[in-house]
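Colleague: I am sharing my_file24.csv, which consists of CSV, C-alpha atoms and all ligand atoms:
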```
chain,number,residue,atom,x,y,z
A,12,MET,CA,-83.3,-18.0,23.4
A,13,ALA,CA,-80.7,-16.4,25.6
A,14,SER,CA,-80.8,-17.0,29.3
A,15,SER,CA,-82.5,-14.6,31.7
A,16,ARG,CA,-79.2,-13.9,33.3
A,17,LEU,CA,-77.8,-12.7,30.0
A,18,LYS,CA,-80.8,-10.5,29.3
A,19,ARG,CA,-80.1,-8.5,32.5
A,20,VAL,CA,-76.8,-7.4,31.0
A,21,GLU,CA,-76.5,-4.7,28.4
A,22,GLU,CA,-74.0,-4.4,25.6
A,23,SER,CA,-71.0,-2.3,26.7
A,24,ALA,CA,-71.8,1.3,25.6
A,25,THR,CA,-68.1,2.0,25.2
A,26,ILE,CA,-67.8,-0.8,22.6
A,27,LYS,CA,-71.0,0.4,20.9
A,28,VAL,CA,-69.6,3.9,20.2
A,29,ALA,CA,-66.3,2.3,19.1
A,30,ASN,CA,-68.2,0.2,16.6
A,31,ILE,CA,-70.0,3.2,15.0
A,32,ALA,CA,-66.6,4.9,14.8
A,33,THR,CA,-65.1,1.8,13.2
A,34,LYS,CA,-67.9,1.8,10.5
A,35,LEU,CA,-67.3,5.4,9.7
A,36,LYS,CA,-63.5,4.7,9.4
A,37,GLN,CA,-64.2,1.9,7.1
A,38,GLN,CA,-66.1,4.4,4.9
A,39,GLY,CA,-62.9,6.4,4.8
A,40,VAL,CA,-63.9,9.0,7.3
A,41,ASP,CA,-61.1,10.4,9.5
A,42,VAL,CA,-62.6,9.8,12.9
A,43,ILE,CA,-60.7,11.0,16.0
A,44,SER,CA,-61.2,8.3,18.6
A,45,PHE,CA,-61.4,9.5,22.2
A,46,SER,CA,-63.5,6.5,23.2
A,47,LEU,CA,-61.4,3.5,24.0
A,48,GLY,CA,-59.6,2.7,27.2
A,49,GLU,CA,-56.1,1.6,26.2
A,50,PRO,CA,-52.7,3.2,26.0
A,51,ASP,CA,-51.7,4.0,22.5
A,52,PHE,CA,-48.0,3.1,23.2
A,53,ASP,CA,-46.4,-0.2,22.3
A,54,THR,CA,-45.6,-2.8,25.0
A,55,PRO,CA,-41.9,-2.2,26.0
A,56,LYS,CA,-39.5,-4.3,24.0
A,57,HIS,CA,-37.9,-6.2,27.0
A,58,ILE,CA,-41.4,-7.5,27.9
A,59,CYS,CA,-42.0,-8.7,24.3
A,60,ASP,CA,-38.6,-10.3,24.3
A,61,ALA,CA,-39.2,-12.2,27.6
A,62,ALA,CA,-42.5,-13.6,26.3
A,63,ALA,CA,-41.0,-14.6,23.0
A,64,ASP,CA,-38.0,-16.2,24.7
A,65,ALA,CA,-40.4,-18.2,26.9
A,66,MET,CA,-42.4,-19.3,23.9
A,67,TYR,CA,-39.3,-20.5,22.0
A,68,ARG,CA,-38.0,-22.2,25.2
A,69,GLY,CA,-41.1,-24.3,25.2
A,70,GLU,CA,-43.2,-22.5,27.8
A,71,THR,CA,-46.3,-23.3,25.7
A,72,HIS,CA,-48.1,-25.7,27.9
A,73,TYR,CA,-50.7,-25.4,30.7
A,74,THR,CA,-49.4,-23.6,33.8
A,75,PRO,CA,-50.8,-24.1,37.3
A,76,SER,CA,-54.3,-22.4,37.3
A,77,ALA,CA,-53.2,-19.8,39.8
A,78,GLY,CA,-50.2,-18.9,37.7
A,79,ILE,CA,-46.5,-19.6,37.5
A,80,PRO,CA,-44.9,-19.5,40.9
A,81,GLU,CA,-42.2,-16.9,39.8
A,82,LEU,CA,-44.9,-14.5,38.8
A,83,ARG,CA,-47.0,-15.0,41.9
A,84,GLU,CA,-44.0,-14.3,44.0
A,85,ALA,CA,-43.0,-11.2,42.0
A,86,VAL,CA,-46.5,-9.9,42.3
A,87,ALA,CA,-46.6,-10.5,46.0
A,88,ASN,CA,-43.2,-8.7,46.4
A,89,LYS,CA,-44.6,-5.7,44.4
A,90,LEU,CA,-47.7,-5.7,46.6
A,91,ARG,CA,-45.7,-5.8,49.8
A,92,THR,CA,-43.2,-3.1,48.8
A,93,GLU,CA,-45.3,-0.7,46.8
A,94,ASN,CA,-48.8,-1.2,48.2
A,95,LYS,CA,-47.9,-2.1,51.8
A,96,LEU,CA,-50.1,-5.3,51.6
A,97,ASP,CA,-49.2,-8.2,53.9
A,98,VAL,CA,-49.3,-10.9,51.2
A,99,SER,CA,-47.3,-13.9,50.0
A,100,GLY,CA,-47.2,-15.6,46.6
A,101,SER,CA,-49.8,-18.1,47.7
A,102,ASP,CA,-52.4,-15.3,48.1
A,103,VAL,CA,-51.9,-14.1,44.5
A,104,LEU,CA,-54.0,-15.5,41.7
A,105,VAL,CA,-52.8,-14.6,38.2
A,106,THR,CA,-55.7,-14.1,35.8
A,107,PRO,CA,-56.2,-13.5,32.1
A,108,GLY,CA,-56.8,-9.8,32.7
A,109,ALA,CA,-58.2,-7.8,35.6
A,110,LYS,CA,-61.6,-8.1,34.1
A,111,GLN,CA,-61.6,-11.9,34.5
A,112,ALA,CA,-60.5,-11.3,38.1
A,113,ILE,CA,-63.5,-9.0,38.7
A,114,PHE,CA,-65.9,-11.6,37.3
A,115,GLU,CA,-64.4,-14.3,39.5
A,116,ILE,CA,-64.7,-12.1,42.6
A,117,MET,CA,-68.4,-11.3,41.9
A,118,LEU,CA,-69.2,-15.0,41.3
A,119,THR,CA,-67.4,-16.0,44.4
A,120,ILE,CA,-68.9,-13.5,46.8
A,121,LEU,CA,-72.4,-12.8,45.5
A,122,ASP,CA,-75.6,-14.9,45.7
A,123,ASP,CA,-78.8,-14.3,43.8
A,124,GLY,CA,-80.5,-11.2,45.2
A,125,ASP,CA,-77.4,-9.9,47.1
A,126,GLU,CA,-76.4,-6.3,46.6
A,127,ALA,CA,-73.2,-4.7,45.5
A,128,ILE,CA,-72.4,-1.0,45.9
A,129,LEU,CA,-71.0,1.0,43.0
A,130,PHE,CA,-70.1,4.6,43.1
A,131,ASP,CA,-71.9,6.4,40.3
A,132,PRO,CA,-70.3,6.8,37.7
A,133,ALA,CA,-68.4,3.6,37.5
A,134,TRP,CA,-66.6,1.6,34.9
A,135,VAL,CA,-69.2,-0.4,32.8
A,136,SER,CA,-68.1,-4.0,33.5
A,137,TYR,CA,-68.7,-3.9,37.3
A,138,ASP,CA,-72.4,-3.7,36.8
A,139,SER,CA,-72.3,-6.5,34.3
A,140,ALA,CA,-70.3,-8.7,36.5
A,141,ILE,CA,-72.7,-8.1,39.4
A,142,LYS,CA,-75.7,-9.0,37.2
A,143,PHE,CA,-74.0,-12.1,35.8
A,144,ALA,CA,-73.6,-13.3,39.4
A,145,GLY,CA,-77.4,-12.8,39.9
A,146,ALA,CA,-77.0,-9.9,42.3
A,147,ASN,CA,-78.2,-6.3,42.1
A,148,THR,CA,-76.2,-3.1,41.8
A,149,VAL,CA,-76.9,-0.3,44.3
A,150,TRP,CA,-75.7,3.0,43.0
A,151,VAL,CA,-74.2,5.5,45.5
A,152,PRO,CA,-74.1,9.0,44.1
A,153,THR,CA,-70.8,10.9,44.0
A,154,ASP,CA,-70.2,14.6,44.2
A,155,THR,CA,-69.6,15.5,40.6
A,156,HIS,CA,-68.2,18.9,41.6
A,157,ASP,CA,-65.8,17.6,44.1
A,158,ASN,CA,-63.5,14.9,42.7
A,159,PHE,CA,-66.4,12.4,42.4
A,160,LYS,CA,-66.3,11.5,46.0
A,161,PRO,CA,-69.0,9.0,47.2
A,162,GLN,CA,-71.8,10.5,49.3
A,163,ASP,CA,-73.9,8.9,52.0
A,164,ILE,CA,-72.6,5.4,51.4
A,165,GLU,CA,-74.1,4.2,54.7
A,166,GLU,CA,-77.6,5.1,53.7
A,167,HIS,CA,-77.3,2.6,50.8
A,168,ILE,CA,-76.2,-0.4,52.9
A,169,THR,CA,-78.8,-3.1,53.6
A,170,ASP,CA,-78.6,-6.5,55.1
A,171,LYS,CA,-78.0,-7.8,51.6
A,172,THR,CA,-75.0,-5.7,50.9
A,173,ARG,CA,-71.9,-7.9,50.3
A,174,ILE,CA,-69.3,-5.8,48.5
A,175,ILE,CA,-68.3,-2.2,47.7
A,176,VAL,CA,-66.3,-1.6,44.6
A,177,VAL,CA,-63.7,1.1,44.8
A,178,ASN,CA,-61.6,2.2,41.8
A,179,THR,CA,-58.9,4.7,42.3
A,180,PRO,CA,-57.5,6.2,40.1
A,181,GLY,CA,-60.9,5.8,38.5
A,182,ASN,CA,-62.4,5.1,35.1
A,183,PRO,CA,-64.4,7.1,33.8
A,184,THR,CA,-63.5,10.2,36.0
A,185,GLY,CA,-59.8,10.0,36.5
A,186,ALA,CA,-60.5,10.8,40.2
A,187,VAL,CA,-57.9,9.8,42.8
A,188,TYR,CA,-59.3,9.3,46.3
A,189,ASP,CA,-57.4,10.7,49.2
A,190,ARG,CA,-56.8,9.0,52.5
A,191,LYS,CA,-59.8,10.6,54.2
A,192,THR,CA,-62.2,9.4,51.5
A,193,LEU,CA,-60.8,5.9,51.6
A,194,ARG,CA,-60.9,5.8,55.4
A,195,ASN,CA,-64.6,6.7,55.3
A,196,ILE,CA,-65.2,3.8,52.9
A,197,ALA,CA,-63.1,1.4,55.0
A,198,ASP,CA,-65.0,2.4,58.2
A,199,VAL,CA,-68.4,1.7,56.5
A,200,ALA,CA,-67.1,-1.7,55.3
A,201,ILE,CA,-65.8,-2.6,58.7
A,202,ASP,CA,-68.9,-1.4,60.6
A,203,HIS,CA,-71.2,-3.5,58.3
A,204,ASP,CA,-68.9,-6.4,57.7
A,205,ILE,CA,-68.7,-6.0,53.9
A,206,PHE,CA,-66.0,-6.9,51.4
A,207,VAL,CA,-64.3,-4.2,49.3
A,208,LEU,CA,-63.1,-4.8,45.8
A,209,SER,CA,-60.2,-2.4,45.3
A,210,ASP,CA,-59.5,-2.1,41.5
A,211,GLU,CA,-56.1,-0.5,41.3
A,212,ILE,CA,-55.4,-1.0,37.6
A,213,TYR,CA,-54.6,2.7,37.0
A,214,GLU,CA,-52.3,3.0,40.1
A,215,LYS,CA,-49.2,3.9,38.0
A,216,ILE,CA,-51.0,6.4,35.9
A,217,ILE,CA,-51.2,9.1,38.5
A,218,TYR,CA,-50.1,12.8,38.5
A,219,ASP,CA,-48.6,14.3,41.6
A,220,ARG,CA,-50.8,12.4,43.9
A,221,GLU,CA,-50.3,9.4,46.2
A,222,HIS,CA,-51.9,6.1,45.4
A,223,ILE,CA,-53.2,4.5,48.5
A,224,SER,CA,-54.2,0.8,48.5
A,225,LEU,CA,-57.3,0.2,50.6
A,226,GLY,CA,-56.0,-3.2,51.8
A,227,SER,CA,-53.2,-1.5,53.6
A,228,MET,CA,-55.5,0.5,55.8
A,229,GLU,CA,-56.1,-0.6,59.3
A,230,GLY,CA,-58.7,-3.3,59.6
A,231,MET,CA,-58.9,-3.8,55.8
A,232,GLN,CA,-56.4,-6.6,55.1
A,233,ASP,CA,-59.0,-9.4,55.3
A,234,ARG,CA,-61.9,-7.7,53.7
A,235,THR,CA,-60.2,-6.2,50.7
A,236,ILE,CA,-59.8,-8.0,47.5
A,237,THR,CA,-57.1,-6.2,45.5
A,238,VAL,CA,-57.2,-6.3,41.7
A,239,ASN,CA,-54.6,-5.1,39.4
A,240,GLY,CA,-53.1,-5.9,36.0
A,241,PHE,CA,-50.6,-5.1,33.3
A,242,SER,CA,-52.9,-3.7,30.7
A,243,LYS,CA,-52.6,0.0,31.5
A,244,ALA,CA,-49.3,0.4,33.3
A,245,TYR,CA,-47.3,-1.5,30.7
A,246,ALA,CA,-49.4,-1.0,27.6
A,247,MET,CA,-50.3,-4.7,27.6
A,248,THR,CA,-54.1,-4.7,27.0
A,249,GLY,CA,-54.0,-7.4,24.3
A,250,TRP,CA,-51.9,-9.7,26.4
A,251,ARG,CA,-54.7,-10.3,28.9
A,252,LEU,CA,-52.8,-10.5,32.1
A,253,GLY,CA,-53.9,-9.4,35.6
A,254,TYR,CA,-53.9,-10.6,39.1
A,255,VAL,CA,-55.9,-10.5,42.3
A,256,CYS,CA,-55.1,-11.2,45.9
A,257,ALA,CA,-57.5,-12.2,48.6
A,258,ARG,CA,-57.8,-14.1,51.8
A,259,PRO,CA,-57.8,-17.9,51.5
A,260,ASP,CA,-61.6,-18.6,51.3
A,261,ILE,CA,-62.2,-16.0,48.6
A,262,PHE,CA,-59.0,-17.1,46.8
A,263,ASP,CA,-60.2,-20.7,46.7
A,264,GLY,CA,-63.5,-19.7,45.2
A,265,MET,CA,-61.9,-17.7,42.5
A,266,LEU,CA,-59.4,-20.4,41.7
A,267,LYS,CA,-62.2,-22.9,41.3
A,268,ILE,CA,-63.9,-20.6,38.8
A,269,GLN,CA,-60.7,-20.0,37.0
A,270,SER,CA,-59.6,-23.6,36.8
A,271,HIS,CA,-63.0,-24.7,35.4
A,272,SER,CA,-63.3,-21.8,32.9
A,273,VAL,CA,-60.1,-20.4,31.4
A,274,SER,CA,-57.7,-22.7,33.2
A,275,SER,CA,-55.0,-20.1,33.6
A,276,ALA,CA,-53.5,-17.0,32.0
A,277,THR,CA,-51.5,-17.8,28.9
A,278,SER,CA,-48.2,-19.5,29.7
A,279,PHE,CA,-45.6,-17.3,27.8
A,280,VAL,CA,-47.6,-14.1,28.6
A,281,GLN,CA,-47.0,-14.7,32.3
A,282,TYR,CA,-43.2,-14.5,31.6
A,283,GLY,CA,-43.8,-11.2,29.9
A,284,GLY,CA,-45.5,-10.1,33.1
A,285,LEU,CA,-42.6,-11.2,35.1
A,286,ALA,CA,-40.3,-9.1,33.0
A,287,ALA,CA,-42.6,-6.1,33.3
A,288,LEU,CA,-42.4,-6.3,37.1
A,289,GLN,CA,-38.7,-7.1,37.4
A,290,GLY,CA,-37.4,-5.0,34.5
A,291,PRO,CA,-36.8,-1.3,34.1
A,292,GLN,CA,-39.7,0.9,35.0
A,293,GLU,CA,-38.7,3.9,32.9
A,294,PRO,CA,-41.1,3.1,30.1
A,295,VAL,CA,-43.9,3.5,32.6
A,296,THR,CA,-42.6,6.9,33.8
A,297,GLU,CA,-42.1,8.1,30.3
A,298,MET,CA,-45.6,7.1,29.3
A,299,VAL,CA,-47.2,8.8,32.3
A,300,GLU,CA,-45.3,12.0,31.5
A,301,LYS,CA,-46.8,11.9,28.0
A,302,PHE,CA,-50.2,11.3,29.4
A,303,ARG,CA,-49.8,14.3,31.7
A,304,VAL,CA,-48.9,16.7,28.9
A,305,ARG,CA,-51.9,15.5,26.9
A,306,ARG,CA,-54.2,15.7,29.9
A,307,ASP,CA,-53.2,19.4,30.4
A,308,ILE,CA,-53.8,20.2,26.7
A,309,LEU,CA,-57.1,18.5,26.7
A,310,VAL,CA,-58.5,19.9,30.0
A,311,GLN,CA,-57.3,23.5,29.3
A,312,GLY,CA,-58.8,23.2,25.8
A,313,LEU,CA,-62.1,21.9,27.0
A,314,ASN,CA,-62.5,24.7,29.6
A,315,ASP,CA,-61.5,27.3,27.0
A,316,ILE,CA,-64.4,26.1,24.8
A,317,GLY,CA,-66.7,26.4,27.8
A,318,ILE,CA,-66.9,22.6,28.6
A,319,LYS,CA,-66.4,22.3,32.3
A,320,CYS,CA,-63.8,19.8,33.2
A,321,GLN,CA,-62.0,19.1,36.4
A,322,THR,CA,-58.4,18.1,36.2
A,323,PRO,CA,-58.2,14.4,36.6
A,324,GLY,CA,-55.6,13.2,39.1
A,325,GLY,CA,-55.0,9.8,37.3
A,326,ALA,CA,-55.8,7.4,34.6
A,327,PHE,CA,-56.2,8.8,31.0
A,328,TYR,CA,-59.7,10.0,30.9
A,329,ALA,CA,-61.3,13.5,31.3
A,330,PHE,CA,-64.9,13.4,32.4
A,331,ALA,CA,-66.4,16.6,31.1
A,332,ASP,CA,-69.6,18.3,31.9
A,333,VAL,CA,-71.3,19.2,28.6
A,334,SER,CA,-74.7,20.3,30.1
A,335,GLU,CA,-74.3,23.7,28.5
A,336,PHE,CA,-74.6,22.0,25.1
A,337,GLY,CA,-77.2,19.2,25.8
A,338,ASN,CA,-77.0,15.9,27.7
A,339,GLY,CA,-74.0,13.6,27.3
A,340,ASP,CA,-75.9,11.3,24.8
A,341,GLU,CA,-76.9,14.1,22.6
A,342,VAL,CA,-73.5,15.7,22.6
A,343,SER,CA,-71.7,12.4,21.9
A,344,GLU,CA,-73.9,11.7,18.9
A,345,LYS,CA,-73.5,15.3,17.6
A,346,LEU,CA,-69.7,15.0,18.0
A,347,LEU,CA,-69.5,11.7,16.2
A,348,VAL,CA,-71.9,12.7,13.3
A,349,ASP,CA,-71.0,16.4,12.8
A,350,ALA,CA,-67.3,16.5,13.9
A,351,HIS,CA,-66.2,12.8,13.5
A,352,VAL,CA,-65.0,12.8,17.1
A,353,ALA,CA,-65.8,9.7,19.1
A,354,VAL,CA,-66.3,10.1,22.8
A,355,THR,CA,-68.3,8.0,25.3
A,356,PRO,CA,-71.5,9.3,26.7
A,357,GLY,CA,-71.3,9.6,30.5
A,358,SER,CA,-74.6,7.8,30.9
A,359,ALA,CA,-72.8,4.6,30.0
A,360,PHE,CA,-71.3,4.7,33.5
A,361,GLY,CA,-74.4,5.5,35.5
A,362,GLU,CA,-77.1,8.0,36.2
A,363,SER,CA,-74.8,10.8,37.4
A,364,GLY,CA,-72.8,10.7,34.2
A,365,ARG,CA,-75.9,11.9,32.3
A,366,ASP,CA,-74.5,15.4,31.6
A,367,PHE,CA,-71.0,14.2,30.9
A,368,ILE,CA,-68.8,12.8,28.2
A,369,ARG,CA,-65.7,10.7,28.8
A,370,ILE,CA,-62.8,11.6,26.7
A,371,SER,CA,-59.9,9.3,26.6
A,372,TYR,CA,-56.6,11.1,26.0
A,373,ALA,CA,-54.7,7.9,25.1
A,374,THR,CA,-54.0,9.4,21.7
A,375,SER,CA,-51.4,11.8,20.3
A,376,GLN,CA,-51.1,15.5,21.2
A,377,GLU,CA,-51.8,16.4,17.5
A,378,ARG,CA,-55.0,14.4,17.5
A,379,ILE,CA,-56.1,15.9,20.8
A,380,LYS,CA,-55.5,19.4,19.4
A,381,GLU,CA,-57.3,18.6,16.2
A,382,GLY,CA,-60.2,17.0,18.2
A,383,LEU,CA,-60.5,20.1,20.3
A,384,LEU,CA,-60.8,22.3,17.1
A,385,ARG,CA,-63.5,20.0,15.8
A,386,ILE,CA,-65.4,19.9,19.1
A,387,GLU,CA,-65.3,23.7,19.2
A,388,SER,CA,-66.7,24.1,15.7
A,389,ALA,CA,-69.4,21.5,16.3
A,390,LEU,CA,-70.6,23.0,19.6
A,391,THR,CA,-70.1,26.7,19.4
B,401,LIG,C1,-61.4,0.3,35.9
B,401,LIG,C2,-60.9,-0.9,35.1
B,401,LIG,N1,-60.7,-2.1,35.6
B,401,LIG,C3,-60.3,-3.1,34.9
B,401,LIG,C4,-60.2,-3.0,33.5
B,401,LIG,C5,-59.8,-4.3,32.8
B,401,LIG,O1,-58.5,-4.5,32.7
B,401,LIG,P1,-57.8,-5.8,31.9
B,401,LIG,O2,-57.4,-5.3,30.6
B,401,LIG,O3,-56.7,-6.2,32.8
B,401,LIG,O4,-58.9,-6.8,31.9
B,401,LIG,C6,-60.4,-1.8,32.9
B,401,LIG,C7,-60.2,-1.7,31.4
B,401,LIG,O5,-60.7,-0.8,30.8
B,401,LIG,C8,-60.7,-0.7,33.7
B,401,LIG,O6,-61.0,0.5,33.1
```
Represent the structure contained in this file as structure tokens.
Modeller:
Amino acid sequence: MASSRLKRVEESATIKVANIATKLKQQGVDVISFSLGEPDFDTPKHICDAAADAMYRGETHYTPSAGIPELREAVANKLRTENKLDVSGSDVLVTPGAKQAIFEIMLTILDDGDEAILFDPAWVSYDSAIKFAGANTVWVPTDTHDNFKPQDIEEHITDKTRIIVVNTPGNPTGAVYDRKTLRNIADVAIDHDIFVLSDEIYEKIIYDREHISLGSMEGMQDRTITVNGFSKAYAMTGWRLGYVCARPDIFDGMLKIQSHSVSSATSFVQYGGLAALQGPQEPVTEMVEKFRVRRDILVQGLNDIGIKCQTPGGAFYAFADVSEFGNGDEVSEKLLVDAHVAVTPGSAFGESGRDFIRISYATSQERIKEGLLRIESALT
């Protein structure tokens, strides 16, 4: 029998939809997949070359659990210059993906019965990580009409609250929080002596807006645990490489978990990460420009069909209100079965996503246009 801890955690709904879509594809059906969260671009060549060189050079052994010193230094340098965080290499833990970092944070900070705050809707794995750690998620509603800003955070704080999770630019909404919104969150965290997990994995995929790192705000350095990674910015999802920086006591906890579980991120992959940070950044800019064009086609197209969709400021997701056509679950099923278009029901991300679907535009313009035609004929 599975453990009671495991029973509290549900299968990821994003993967569930993707599995149905895969089955249809295996039957030869042409499914347009708007469901998965990864760039459809290849990893830039110089990154692949650096990893391959490292492998052939013999960098195929265990590395220090916290990561190779060169990469930790390069990450710290990036965090200092781009994110205005006051960190050094010794504060940086290199992880096999941001997801692993998030699990390590929750296991380090949370005890049984503690509470963690998520803004509803939120990416699926936060809730799972909180539950794996034995704690409970407290959902704070967001204003679904105004950039999914969290509302009344303070009312949800109890003496058990230990951490608030902030994700900007965000999955599933694409919302980018401005300074005022982040200041409000920071003030609550400071007033109640709570940690903040700042997941900045989409920071580079942002359109005409400023990305602000919570840890750079006054009073936040010591209570912010900043997570980031290479998956989205450098199209490196399969490499499994991320990082986290935190104050020493939290860092030590995470390192302990990492060293006893996965040991470290893969040796030669870390050299790929080094090349990503130190090499040309044009591939990132080019990718973001393509995402922007796709975003505009998709959002315009959805609104033309009568599906209300705010323009996301970042990431590669549109979070569209389908309430005119049914709830998000019904519409997702209809689109998959009738139109062979795979989207993710908004309910997967929390209660306030009930009337929404998440559409990932990490797919070509042609497929987006074809998908819009199919959605229109299925729903209207
Ligand atoms: C908000 C958010 N954080 C973290 C991750 C995980 O990133 P990684 O591939 O580095 O584990 C994802 C992936 O979908 C994500 O959407």
Colleague: Taking into account only C-alpha atoms, which residue in the set A:Arg251, A:His72, A:His351, A:Arg369 is nearest to Lys110 in chain A?
Modeller: A:Arg251
Colleague: Excluding Glu115 in chain A and its own-chain neighbours fewer than 4 positions away, which residues fall within 12 Å of it when counting all atoms listed in the file? Please give them as a VMD selection string.
Modeller: chain A and resid 104 to 111 119 to 121 137 140 to 141 143 to 144 208 236 238 254 to 257 261 to 273
Colleague: Calculated over all atoms listed in the file, which of the candidates A:Ile196, A:Ala133, A:Leu96, A:Val177 has the smallest distance to Gln232 in chain A?
Modeller: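 Nearest to Gln232 in chain A: A:Leu96.
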Colleague: Taking all atoms listed in the file and a cut-off of 10 Å, can you tell me which residues surround ligand LIG 401 (chain B), written as a short mmCIF file (atom, residue, chain, number, x, y, z; two decimals) with C-alpha atoms, keeping the file's coordinate frame?
Modeller:
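What follows is the written file part-v9.cif:
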```
data_model
loop_
_atom_site.label_atom_id
_atom_site.label_comp_id
_atom_site.auth_asym_id
_atom_site.auth_seq_id
_atom_site.Cartn_x
_atom_site.Cartn_y
_atom_site.Cartn_z
CA THR A 25 -68.10 2.00 25.20
CA LEU A 47 -61.40 3.50 24.00
CA GLY A 48 -59.60 2.70 27.20
CA GLU A 49 -56.10 1.60 26.20
CA THR A 106 -55.70 -14.10 35.80
CA PRO A 107 -56.20 -13.50 32.10
CA GLY A 108 -56.80 -9.80 32.70
CA ALA A 109 -58.20 -7.80 35.60
CA LYS A 110 -61.60 -8.10 34.10
CA GLN A 111 -61.60 -11.90 34.50
CA ALA A 112 -60.50 -11.30 38.10
CA ILE A 113 -63.50 -9.00 38.70
CA ALA A 133 -68.40 3.60 37.50
CA TRP A 134 -66.60 1.60 34.90
CA VAL A 135 -69.20 -0.40 32.80
CA SER A 136 -68.10 -4.00 33.50
CA TYR A 137 -68.70 -3.90 37.30
CA VAL A 177 -63.70 1.10 44.80
CA ASN A 178 -61.60 2.20 41.80
CA THR A 179 -58.90 4.70 42.30
CA PRO A 180 -57.50 6.20 40.10
CA GLY A 181 -60.90 5.80 38.50
CA ASN A 182 -62.40 5.10 35.10
CA PRO A 183 -64.40 7.10 33.80
CA GLY A 185 -59.80 10.00 36.50
CA SER A 209 -60.20 -2.40 45.30
CA ASP A 210 -59.50 -2.10 41.50
CA GLU A 211 -56.10 -0.50 41.30
CA ILE A 212 -55.40 -1.00 37.60
CA TYR A 213 -54.60 2.70 37.00
CA VAL A 238 -57.20 -6.30 41.70
CA ASN A 239 -54.60 -5.10 39.40
CA GLY A 240 -53.10 -5.90 36.00
CA PHE A 241 -50.60 -5.10 33.30
CA SER A 242 -52.90 -3.70 30.70
CA LYS A 243 -52.60 0.00 31.50
CA ALA A 244 -49.30 0.40 33.30
CA ALA A 246 -49.40 -1.00 27.60
CA MET A 247 -50.30 -4.70 27.60
CA THR A 248 -54.10 -4.70 27.00
CA GLY A 249 -54.00 -7.40 24.30
CA TRP A 250 -51.90 -9.70 26.40
CA ARG A 251 -54.70 -10.30 28.90
CA LEU A 252 -52.80 -10.50 32.10
CA GLY A 253 -53.90 -9.40 35.60
CA TYR A 254 -53.90 -10.60 39.10
CA ALA A 326 -55.80 7.40 34.60
CA PHE A 327 -56.20 8.80 31.00
CA TYR A 328 -59.70 10.00 30.90
#
```
Colleague: Looking at A:Val98, A:Ile201, A:Ile116, A:Ile217, which one is nearest to Glu229 in chain A, with distances taken over all atoms listed in the file?
Modeller: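 Answer, going by the shortest atom-to-atom distance: A:Ile201.
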Colleague: Residues near Leu313 in chain A, anyone? I mean within 12 Å using all atoms listed in the file, not counting same-chain ones fewer than 4 positions away, as a VMD selection string.
Modeller: chain A and resid 306 to 309 317 to 322 329 to 333 368 to 370 379 to 380 382 to 387 390
Colleague: Kindly extract all protein, DNA and RNA residues lying within 12 Å of the coordinates (-42.6, 0.9, 23.3) given in the file, considering all atoms listed in the file, and supply them as JSON, numbers by chain.
Modeller: {"A": [50, 51, 52, 53, 54, 55, 56, 57, 58, 59, 60, 245, 246, 247, 293, 294, 295, 297, 298]}
Colleague: Of the residues A:Lys36, A:Lys160, A:Arg234, A:Arg258, which is the one nearest to Val103 in chain A, using only C-alpha atoms?
Modeller: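 Going through A:Lys36, A:Lys160, A:Arg234, A:Arg258 one by one, the smallest distance to Val103 in chain A is for A:Arg258.
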Colleague: Considering all atoms listed in the file, can you say which of A:Val207, A:Val342, A:Ala197, A:Met66 comes closest to Tyr282 in chain A?
Modeller: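 When distances to Tyr282 in chain A are compared using all atoms listed in the file, the smallest one comes from A:Met66.
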Colleague: In Å, with one decimal, what is the gap from CA of Thr155 in chain A to CA of Ile43 in chain A?
Modeller: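 CA of Ile43 in chain A lies 26.5 Å from CA of Thr155 in chain A.
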Colleague: So, counting only C-alpha atoms, which residue among A:Ser278, A:Gly145, A:Val42, A:Glu362 is closest to Ala29 in chain A?
Modeller: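 Nearest candidate to Ala29 in chain A out of A:Ser278, A:Gly145, A:Val42, A:Glu362: A:Val42.
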Colleague: Between CA of Asp131 in chain A and CA of Pro152 in chain A, what is the distance in Å, rounded to a tenth?
Modeller: 5.1 Å
Colleague: Please compute the CA of Arg305 in chain A-CA of Thr374 in chain A distance, one decimal, in Å.
Modeller: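 Distance between the two atoms: 8.3 Å.
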